[in-house]
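query-v5.txt (compact mmCIF, C-alpha atoms and all ligand atoms)
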# COMPACT_ATOMS: atom_id res chain seq x y z
CA MET A 1 -187.93 44.46 83.91
CA THR A 2 -191.71 44.44 83.52
CA LYS A 3 -193.46 41.90 85.68
CA SER A 4 -195.85 39.78 83.70
CA LEU A 5 -199.44 40.98 83.75
CA PRO A 6 -202.00 38.62 85.23
CA VAL A 7 -205.07 37.52 83.34
CA GLY A 8 -207.69 40.24 83.75
CA ALA A 9 -205.15 43.09 83.60
CA THR A 10 -205.72 45.94 81.13
CA VAL A 11 -203.59 46.81 78.13
CA GLY A 12 -204.01 50.42 76.98
CA ILE A 13 -203.80 50.88 73.21
CA LEU A 14 -203.16 54.30 71.68
CA GLY A 15 -204.93 54.38 68.32
CA GLY A 16 -208.17 52.68 67.42
CA GLY A 17 -207.63 51.59 63.81
CA GLN A 18 -207.42 48.08 62.40
CA LEU A 19 -204.10 47.33 64.09
CA GLY A 20 -205.57 48.30 67.45
CA ARG A 21 -208.60 46.16 66.66
CA MET A 22 -206.54 43.06 65.94
CA LEU A 23 -204.37 43.71 69.02
CA ALA A 24 -207.52 43.94 71.15
CA VAL A 25 -208.82 40.63 69.79
CA ALA A 26 -205.48 38.95 70.53
CA ALA A 27 -205.44 40.40 74.06
CA ALA A 28 -208.96 39.15 74.69
CA ARG A 29 -207.91 35.63 73.67
CA LEU A 30 -205.28 35.79 76.43
CA GLY A 31 -207.85 36.92 78.98
CA LEU A 32 -206.54 40.48 79.04
CA LYS A 33 -208.74 43.55 78.79
CA THR A 34 -208.03 46.44 76.45
CA HIS A 35 -208.73 50.14 76.73
CA VAL A 36 -208.41 52.03 73.45
CA PHE A 37 -207.59 55.76 73.29
CA GLU A 38 -208.60 57.28 69.97
CA PRO A 39 -209.52 60.83 68.91
CA GLY A 40 -211.81 59.75 66.06
CA ALA A 41 -215.37 58.49 66.41
CA ASP A 42 -216.39 54.95 65.40
CA ALA A 43 -212.93 53.49 65.88
CA PRO A 44 -212.53 49.99 64.38
CA ALA A 45 -210.86 48.87 67.64
CA GLY A 46 -213.75 50.23 69.68
CA ASP A 47 -216.02 47.40 68.52
CA VAL A 48 -213.87 44.79 70.24
CA ALA A 49 -212.20 46.61 73.15
CA HIS A 50 -213.34 46.48 76.78
CA GLN A 51 -213.29 50.27 76.98
CA VAL A 52 -212.78 53.21 74.64
CA THR A 53 -211.79 56.79 75.39
CA THR A 54 -212.66 59.17 72.57
CA ALA A 55 -210.49 62.23 73.16
CA SER A 56 -207.68 64.20 71.59
CA TYR A 57 -204.00 63.71 72.43
CA GLU A 58 -204.07 67.25 73.87
CA ASP A 59 -206.75 66.36 76.42
CA GLU A 60 -204.66 66.02 79.58
CA ALA A 61 -207.55 64.98 81.81
CA ALA A 62 -208.53 62.20 79.40
CA LEU A 63 -204.92 61.05 79.07
CA THR A 64 -204.48 61.00 82.86
CA ALA A 65 -207.66 59.00 83.38
CA PHE A 66 -206.62 56.56 80.64
CA GLY A 67 -203.15 56.18 82.14
CA LYS A 68 -204.64 55.42 85.56
CA ALA A 69 -207.04 52.84 84.15
CA VAL A 70 -204.45 50.66 82.38
CA ASP A 71 -201.55 48.45 83.49
CA VAL A 72 -199.36 48.93 80.42
CA ILE A 73 -199.58 51.17 77.37
CA THR A 74 -198.86 50.22 73.78
CA TYR A 75 -199.77 51.80 70.45
CA GLU A 76 -200.71 51.02 66.90
CA PHE A 77 -199.07 54.01 65.20
CA GLU A 78 -195.83 55.87 65.74
CA ASN A 79 -196.88 59.50 65.46
CA ILE A 80 -198.15 60.00 68.99
CA PRO A 81 -197.46 63.56 70.20
CA THR A 82 -194.47 63.75 72.55
CA ALA A 83 -196.33 65.74 75.22
CA ALA A 84 -198.98 62.99 75.46
CA LEU A 85 -196.25 60.38 75.93
CA ASP A 86 -194.55 62.52 78.59
CA LEU A 87 -197.78 62.57 80.56
CA LEU A 88 -198.68 58.92 80.00
CA GLU A 89 -195.31 57.53 81.00
CA THR A 90 -195.79 58.91 84.50
CA ARG A 91 -198.84 56.65 84.82
CA ALA A 92 -197.93 53.32 83.21
CA PRO A 93 -195.04 51.71 81.35
CA ILE A 94 -195.05 52.32 77.58
CA HIS A 95 -193.91 49.48 75.29
CA PRO A 96 -192.24 49.66 72.82
CA GLY A 97 -190.22 52.37 74.55
CA ARG A 98 -189.62 56.04 73.81
CA GLN A 99 -186.32 55.46 72.01
CA ALA A 100 -188.01 53.28 69.41
CA LEU A 101 -190.72 55.87 68.91
CA ALA A 102 -188.33 58.80 68.64
CA THR A 103 -186.17 56.87 66.18
CA SER A 104 -189.00 55.91 63.86
CA GLN A 105 -190.91 59.21 64.03
CA ASP A 106 -188.22 61.02 62.09
CA ARG A 107 -186.74 59.55 58.91
CA LEU A 108 -183.45 61.39 59.46
CA THR A 109 -183.03 60.05 63.02
CA GLU A 110 -184.04 56.61 61.79
CA LYS A 111 -181.58 56.48 58.88
CA THR A 112 -178.78 57.86 61.06
CA PHE A 113 -179.50 55.23 63.75
CA LEU A 114 -179.50 52.42 61.17
CA GLN A 115 -176.25 53.58 59.64
CA GLU A 116 -174.58 53.85 63.04
CA LEU A 117 -175.64 50.24 63.65
CA GLY A 118 -173.63 49.27 60.58
CA LEU A 119 -176.70 48.54 58.44
CA GLN A 120 -177.09 49.60 54.83
CA THR A 121 -179.58 52.34 53.97
CA ALA A 122 -180.23 54.45 50.87
CA PRO A 123 -177.80 57.39 50.71
CA PHE A 124 -179.52 60.32 52.42
CA ALA A 125 -179.21 63.98 53.35
CA ALA A 126 -181.29 66.39 55.43
CA VAL A 127 -183.14 69.02 53.41
CA ALA A 128 -184.60 72.15 55.02
CA ASN A 129 -184.49 74.51 52.03
CA ALA A 130 -183.65 74.91 48.35
CA ALA A 131 -179.91 75.28 48.98
CA ASP A 132 -179.82 72.03 50.99
CA LEU A 133 -181.72 70.27 48.23
CA GLU A 134 -179.34 71.49 45.56
CA ALA A 135 -176.35 70.29 47.61
CA ALA A 136 -178.06 66.97 48.36
CA ILE A 137 -178.84 66.34 44.69
CA ALA A 138 -175.23 67.20 43.81
CA SER A 139 -173.90 64.60 46.25
CA ILE A 140 -176.58 61.88 45.98
CA GLY A 141 -177.55 62.31 42.32
CA THR A 142 -180.85 61.46 40.65
CA PRO A 143 -183.21 59.68 40.57
CA ALA A 144 -183.92 60.37 44.20
CA ILE A 145 -186.92 60.72 46.50
CA LEU A 146 -187.66 63.68 48.71
CA LYS A 147 -189.65 62.66 51.79
CA THR A 148 -190.98 64.61 54.75
CA ARG A 149 -188.99 63.63 57.84
CA ARG A 150 -192.15 63.17 59.88
CA LEU A 151 -195.74 62.00 59.45
CA GLY A 152 -195.38 60.27 56.09
CA TYR A 153 -197.03 56.90 55.49
CA ASP A 154 -198.24 54.80 52.56
CA GLY A 155 -196.13 56.89 50.16
CA LYS A 156 -197.65 60.19 51.39
CA GLY A 157 -195.33 63.19 51.77
CA GLN A 158 -193.00 61.91 49.05
CA ALA A 159 -191.89 63.38 45.73
CA ARG A 160 -189.71 61.73 43.11
CA ILE A 161 -186.88 63.73 41.60
CA MET A 162 -185.95 62.24 38.25
CA SER A 163 -183.62 65.12 37.31
CA PRO A 164 -182.41 68.30 39.07
CA ASP A 165 -185.17 70.16 37.17
CA ASP A 166 -187.74 68.49 39.43
CA ALA A 167 -186.19 69.95 42.59
CA ALA A 168 -188.38 73.05 43.00
CA ALA A 169 -191.65 71.16 42.50
CA ALA A 170 -190.57 68.42 44.91
CA LEU A 171 -189.65 70.97 47.56
CA ALA A 172 -193.02 72.70 47.09
CA ASP A 173 -194.70 69.31 47.73
CA MET A 174 -193.11 69.24 51.19
CA ALA A 175 -195.08 72.42 52.07
CA GLY A 176 -192.23 73.76 54.19
CA ALA A 177 -191.84 70.59 56.29
CA PRO A 178 -188.28 69.43 57.06
CA ALA A 179 -187.36 66.71 54.58
CA ILE A 180 -184.80 64.09 53.71
CA LEU A 181 -183.48 63.29 50.25
CA GLU A 182 -182.93 59.60 49.61
CA GLY A 183 -181.04 58.16 46.70
CA PHE A 184 -183.18 55.82 44.63
CA VAL A 185 -182.43 52.20 45.53
CA ASN A 186 -182.32 49.85 42.58
CA PHE A 187 -184.01 46.88 44.22
CA SER A 188 -185.30 43.65 42.72
CA HIS A 189 -188.07 43.31 45.31
CA GLU A 190 -189.16 44.36 48.76
CA VAL A 191 -189.34 42.14 51.83
CA SER A 192 -190.07 42.70 55.48
CA VAL A 193 -189.27 40.96 58.70
CA ILE A 194 -191.68 41.06 61.59
CA GLY A 195 -189.59 40.63 64.72
CA ALA A 196 -190.51 40.47 68.38
CA ARG A 197 -188.50 41.00 71.54
CA GLY A 198 -189.60 40.28 75.08
CA PRO A 199 -188.61 42.21 78.21
CA ASP A 200 -186.18 39.39 79.03
CA GLY A 201 -184.33 40.05 75.76
CA ALA A 202 -185.69 36.99 73.95
CA VAL A 203 -185.99 37.62 70.21
CA SER A 204 -188.22 35.80 67.76
CA CYS A 205 -188.58 36.74 64.10
CA TYR A 206 -191.17 35.56 61.59
CA ASP A 207 -190.13 34.33 58.19
CA PRO A 208 -189.57 37.30 55.86
CA GLY A 209 -192.52 38.17 53.62
CA GLU A 210 -192.33 39.60 50.12
CA ASN A 211 -194.28 42.82 49.63
CA VAL A 212 -195.86 44.30 46.53
CA HIS A 213 -196.99 47.93 46.69
CA ASP A 214 -199.31 49.82 44.40
CA ALA A 215 -199.36 53.62 44.51
CA GLY A 216 -197.36 53.48 47.77
CA ILE A 217 -199.90 51.18 49.48
CA LEU A 218 -199.16 47.57 50.38
CA ARG A 219 -201.14 45.26 48.07
CA THR A 220 -199.88 41.78 48.89
CA THR A 221 -197.45 39.98 51.16
CA THR A 222 -196.30 36.50 50.16
CA VAL A 223 -194.46 34.02 52.37
CA PRO A 224 -191.98 32.60 51.84
CA ALA A 225 -190.26 35.56 50.17
CA LYS A 226 -187.89 34.98 47.26
CA LEU A 227 -184.61 35.00 49.18
CA SER A 228 -181.50 32.84 49.23
CA PRO A 229 -180.80 31.02 52.51
CA SER A 230 -178.08 33.56 53.36
CA GLN A 231 -180.36 36.52 52.57
CA ARG A 232 -183.05 34.97 54.76
CA THR A 233 -180.60 34.66 57.65
CA ASP A 234 -179.30 38.16 57.02
CA ALA A 235 -182.83 39.63 57.05
CA VAL A 236 -183.55 38.08 60.42
CA LEU A 237 -180.18 39.12 61.87
CA ILE A 238 -180.78 42.72 60.75
CA ALA A 239 -184.13 42.78 62.54
CA ALA A 240 -182.62 41.24 65.66
CA ARG A 241 -179.81 43.79 65.69
CA ILE A 242 -182.31 46.66 65.54
CA LEU A 243 -184.51 45.14 68.26
CA ASN A 244 -181.54 44.66 70.59
CA ALA A 245 -180.06 48.11 69.94
CA LEU A 246 -183.35 49.73 70.94
CA ASP A 247 -183.79 47.44 73.98
CA TYR A 248 -187.13 46.88 72.32
CA VAL A 249 -190.22 45.27 73.82
CA GLY A 250 -192.96 44.27 71.38
CA VAL A 251 -193.31 43.57 67.69
CA MET A 252 -191.55 45.60 65.01
CA GLY A 253 -191.79 45.67 61.23
CA VAL A 254 -188.52 46.07 59.33
CA GLU A 255 -188.86 46.85 55.62
CA LEU A 256 -185.94 45.84 53.42
CA PHE A 257 -184.98 46.34 49.77
CA VAL A 258 -183.35 43.30 48.14
CA THR A 259 -180.46 44.41 45.94
CA ALA A 260 -177.37 42.92 44.32
CA GLN A 261 -175.38 44.75 47.01
CA GLY A 262 -177.31 43.05 49.82
CA LEU A 263 -180.29 43.99 51.96
CA ILE A 264 -180.92 47.69 52.44
CA VAL A 265 -183.14 48.85 55.29
CA ASN A 266 -185.94 51.13 54.09
CA GLU A 267 -187.74 51.80 57.33
CA ILE A 268 -188.74 50.42 60.68
CA ALA A 269 -192.18 50.53 62.27
CA PRO A 270 -192.32 50.16 66.08
CA ARG A 271 -195.59 48.25 66.03
CA VAL A 272 -197.45 45.40 64.43
CA HIS A 273 -197.29 45.80 60.69
CA ASN A 274 -199.54 45.27 57.68
CA SER A 275 -196.94 42.98 56.12
CA GLY A 276 -197.28 40.69 59.17
CA HIS A 277 -201.00 40.01 58.79
CA TRP A 278 -200.22 36.67 57.10
CA THR A 279 -199.10 35.35 60.50
CA GLN A 280 -202.77 35.17 61.57
CA ASN A 281 -203.21 32.13 59.36
CA GLY A 282 -199.64 30.96 58.78
CA CYS A 283 -198.35 30.65 62.36
CA THR A 284 -199.52 29.28 65.67
CA ILE A 285 -198.90 32.62 67.37
CA CYS A 286 -199.65 35.63 65.14
CA GLN A 287 -197.93 39.02 65.33
CA PHE A 288 -200.80 40.51 67.33
CA GLU A 289 -200.64 37.90 70.09
CA GLN A 290 -196.84 38.07 70.03
CA HIS A 291 -196.98 41.81 70.59
CA ILE A 292 -199.47 41.51 73.43
CA ARG A 293 -197.37 38.75 75.01
CA ALA A 294 -194.25 40.92 74.85
CA VAL A 295 -195.81 44.11 76.24
CA ALA A 296 -197.61 42.11 78.95
CA GLY A 297 -194.33 40.47 79.97
CA TRP A 298 -195.44 36.99 78.94
CA PRO A 299 -193.02 34.62 77.19
CA LEU A 300 -192.92 35.01 73.41
CA GLY A 301 -194.89 32.34 71.58
CA ASP A 302 -193.98 30.02 68.72
CA GLY A 303 -193.76 32.16 65.60
CA SER A 304 -192.65 29.44 63.23
CA ARG A 305 -194.50 29.28 59.92
CA HIS A 306 -196.60 26.19 59.23
CA ALA A 307 -197.92 27.18 55.79
CA ASP A 308 -197.26 29.29 52.74
CA VAL A 309 -199.59 32.30 52.71
CA VAL A 310 -200.55 35.13 50.38
CA MET A 311 -202.04 38.12 52.20
CA GLU A 312 -204.01 40.54 50.04
CA ASN A 313 -205.21 43.90 51.33
CA LEU A 314 -208.79 44.87 50.58
CA ILE A 315 -208.55 48.53 49.68
CA GLY A 316 -211.49 50.86 48.98
CA ALA A 317 -213.88 49.27 46.47
CA ASP A 318 -212.27 45.84 47.01
CA MET A 319 -214.97 45.56 49.67
CA ASP A 320 -217.42 44.76 46.86
CA ARG A 321 -215.53 41.48 46.36
CA VAL A 322 -216.24 40.22 49.88
CA PRO A 323 -219.35 38.17 48.95
CA GLU A 324 -217.32 36.32 46.28
CA LEU A 325 -214.30 35.95 48.57
CA ALA A 326 -216.57 34.43 51.19
CA LYS A 327 -217.22 31.52 48.80
CA THR A 328 -213.47 30.73 48.61
CA ASP A 329 -210.97 29.22 51.05
CA ALA A 330 -209.53 32.66 51.87
CA ALA A 331 -209.56 33.69 55.54
CA ILE A 332 -211.34 37.04 55.66
CA HIS A 333 -210.38 39.77 58.13
CA LEU A 334 -212.52 42.92 57.95
CA TYR A 335 -211.95 46.05 59.99
CA GLY A 336 -215.54 47.17 60.52
CA LYS A 337 -215.02 50.55 58.85
CA ALA A 338 -218.37 52.08 57.98
CA GLU A 339 -217.23 54.26 55.12
CA VAL A 340 -215.44 52.98 52.01
CA LYS A 341 -212.94 55.48 50.62
CA PRO A 342 -210.46 55.12 47.77
CA GLY A 343 -207.09 54.02 49.15
CA ARG A 344 -208.59 53.13 52.55
CA LYS A 345 -207.59 49.78 54.02
CA MET A 346 -210.90 48.02 54.69
CA GLY A 347 -209.69 44.51 55.43
CA HIS A 348 -207.46 41.74 54.16
CA VAL A 349 -207.62 38.12 53.16
CA ASN A 350 -205.08 35.40 53.87
CA ARG A 351 -204.91 32.58 51.37
CA VAL A 352 -203.17 29.56 52.83
CA ILE A 353 -201.41 27.65 50.07
CA LYS A 354 -202.03 23.98 50.68
CA ALA A 355 -199.19 21.60 49.97
P1 LIG B 401 -191.77 54.46 52.47
O1 LIG B 401 -192.90 55.35 52.84
O2 LIG B 401 -190.43 55.04 52.79
O3 LIG B 401 -191.93 53.06 52.99
O4 LIG B 401 -191.83 54.32 50.87
C1 LIG B 401 -192.93 53.72 50.21
C2 LIG B 401 -192.44 52.93 49.02
O5 LIG B 401 -191.74 53.78 48.10
C3 LIG B 401 -191.43 51.84 49.36
O6 LIG B 401 -192.07 50.67 49.77
C4 LIG B 401 -190.70 51.68 48.02
O7 LIG B 401 -191.46 50.92 47.11
C5 LIG B 401 -190.62 53.10 47.53
N1 LIG B 401 -189.37 53.73 47.99
C6 LIG B 401 -189.22 54.41 49.14
N2 LIG B 401 -187.95 54.84 49.28
C7 LIG B 401 -187.27 54.41 48.22
C8 LIG B 401 -185.90 54.54 47.78
N3 LIG B 401 -184.98 55.23 48.49
N4 LIG B 401 -185.57 53.95 46.62
C9 LIG B 401 -186.48 53.27 45.88
N5 LIG B 401 -187.78 53.14 46.23
C10 LIG B 401 -188.18 53.68 47.38
Could you express the structure from this file as C-alpha cells?
Ligand code: AMP
Amino acid sequence: MTKSLPVGATVGILGGGQLGRMLAVAAARLGLKTHVFEPGADAPAGDVAHQVTTASYEDEAALTAFGKAVDVITYEFENIPTAALDLLETRAPIHPGRQALATSQDRLTEKTFLQELGLQTAPFAAVANAADLEAAIASIGTPAILKTRRLGYDGKGQARIMSPDDAAAALADMAGAPAILEGFVNFSHEVSVIGARGPDGAVSCYDPGENVHDAGILRTTTVPAKLSPSQRTDAVLIAARILNALDYVGVMGVELFVTAQGLIVNEIAPRVHNSGHWTQNGCTICQFEQHIRAVAGWPLGDGSRHADVVMENLIGADMDRVPELAKTDAAIHLYGKAEVKPGRKMGHVNRVIKA
C-alpha cells in the first residue's frame, strides 16, 4: 500500500492539457507540488504546475529525470506509450495502475473485461479485415459502429454502418488499424459515474451526471441525471465493481447508456473526466482533488452533491461568449489555450441551480 505523501511532495502528471491543469490546481490547494510531462509546447497545465518537462515519450533521459524528480506518477490521458510506462514505473509508483491503463487503451480488451465482470456492453466483435467485418455484421447486424481499438476519442476513429453496403467505406476509415464492431445500442440517454478508490480500498462515487454529446464531443453534463432510484444505485454499483476489479487507485469515469434493458457500459476512462467537471461547483471535494487525494494516499474526501449543476463545455468559438458569461452567475473555468480551433475544448462553465 502507498504511504501517504506529505505536504510538499511532488505529484508527476503525464499530459499537460486541461485535465492536468485542473489536477495541478487541486494538488496545489493540498500543498503538493506538481511536475508536468508534456511533449507539446505551451501546455495548459504548465501555467499552474511547479515544474514542466517538455519532451517526447521516447526521450528516455527526460523520462528518467522526471521519474526521479517525483514521488508518485499519475496521468490525464490513457494513451501513454507502454515503453515510457515501463521505464517510469522503475522510478515511482504509477496510479491508476497498469492494468487499468491496458484495459482502457484497447476497446476490445475493455469490452471483454467488462463482460467478464458480468456487466452489460454493446454486442461486439474484433475486426482486422474485410472477412472479419462481414462475419461481424452477419452476427451483430446493423446499424452498428466500427471503431478503432486504440487511440479513439471524442468520436474520432469511428464509422457508422447503417447497412452491410457501408462496410467497405467504414473499413477504409480505419486506415488499416485493428478495429471493433459494436452493435448500435438503442439508448434513451447517456449518463456517467465518476468514481474514486483509495489505496485502502475505500470507494466513493459522485452522483451520476447526464451527458449530451454533439458531433461526438461532450456538450453538457447535468446533475442529477434522469434515473430511477434503482438505476442510480445500479450505476454506482457498476462503477464500484469496475474500480474494485482493477484494484484501482484514483478517479475513473464510467460512461453508461440508459436502456429499457438496463444500464450498458460504453467505456471507462482511467482518469478524471470531462463529465465530472460539475463537481468543482457541486461538491465540497471535486473530482480533481479526489484524484490527487487517492494517488497521494490521502483519505478520500466528501463527494456528496450539495447542488444541482449544469456543466457546459466551451468549444472553439464559444470562447467569444466569455464576456457575456462573465456577467452571469456561471462559474467560469478556462484552460488558457492560446489558439481557438473548431472542436477544441477551451473551457467550461458550471451553472449551479439554486433551489
Ligand atoms: P465513444 O467514443 O465510444 O465514447 O463514442 C462516442 C459517442 O458515440 C457515445 O457517447 C455515443 O453517443 C455514441 N456511441 C458510441 N458507441 C455506441 C453504440 N455502440 N451504440 C450507440 N451509440 C454509440
If the limit is 9 Å from any atom of ligand LIG 401 (chain B), counting all atoms listed in the file, which residues qualify? Return them as a PyMOL selection string. chain A and resi 107+121-124+143-147+152-158+181-187+189-190+211-218+255-257+266-268
Spatial neighbours of region 34-40 of chain A, 12 Å, all atoms listed in the file, chain gap at least 5 places, as an MDAnalysis selection string: chainID A and resid 7:29 45:59 62:77 80 84 88 292 296
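Nearest to Ile194 (chain A) of all the residues A:Arg149, A:His291, A:Arg344, A:Lys111 is A:His291, based on all atoms listed in the file.
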Please identify all polymer residues within 12 Å of region 307-321 of chain A, counting all atoms listed in the file, omitting same-chain residues fewer than 6 positions from it, and present them as a ChimeraX atom specification. /A:207-215,217-225,274-284,327-355
Write out as a PyMOL selection string each polymer residue whose atoms come within 12 Å of region 235-237 of chain A, counting all atoms listed in the file; drop sequence neighbours fewer than 2 positions from it. chain A and resi 119-120+190-196+203-210+225-233+239-244+252-258+262-265
Can you tell me how far CA of Pro6 (chain A) sits from CA of Glu89 (chain A), in Å to one decimal?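 One can read the CA of Pro6 (chain A) to CA of Glu89 (chain A) distance as 20.5 Å.
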Taking all atoms listed in the file into account, which of A:Ala175, A:Arg150, A:Leu300, A:Ile180 comes nearest Gly201 (chain A)?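 Of A:Ala175, A:Arg150, A:Leu300, A:Ile180, the one nearest Gly201 (chain A) is A:Leu300, counting all atoms listed in the file.
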Coordinates-based distance that separates CA of Ala61 (chain A) from CA of Thr82 (chain A) (Å, one decimal): 16.1 Å
Centre, edges in Å (one decimal): axis-aligned box, region 226-245 of chain A, 8 Å padding on all six sides, as AutoDock Vina command-line options:
--center_x -183.0 --center_y 39.6 --center_z 58.9 --size_x 25.8 --size_y 33.1 --size_z 39.3
Using all atoms listed in the file, which of A:Arg293, A:Cys286, A:Leu30, A:Leu87 sits nearest His306 (chain A)?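 Comparing A:Arg293, A:Cys286, A:Leu30, A:Leu87 against His306 (chain A), the winner is A:Cys286.
Atom pair CA of Arg305 (chain A) / CA of Lys3 (chain A) has a distance of 28.7 Å (rounded to one decimal).
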Using only C-alpha atoms for the distances, tell me which of A:Gln115, A:Gln290, A:His273, A:Asn129 is nearest to Ala177 (chain A).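 The closest residue to Ala177 (chain A) is A:Asn129.
Nearest residue to Thr112 (chain A) among A:Ala92, A:Ala126, A:Ala169, A:Met162 is A:Ala126, counting only C-alpha atoms.
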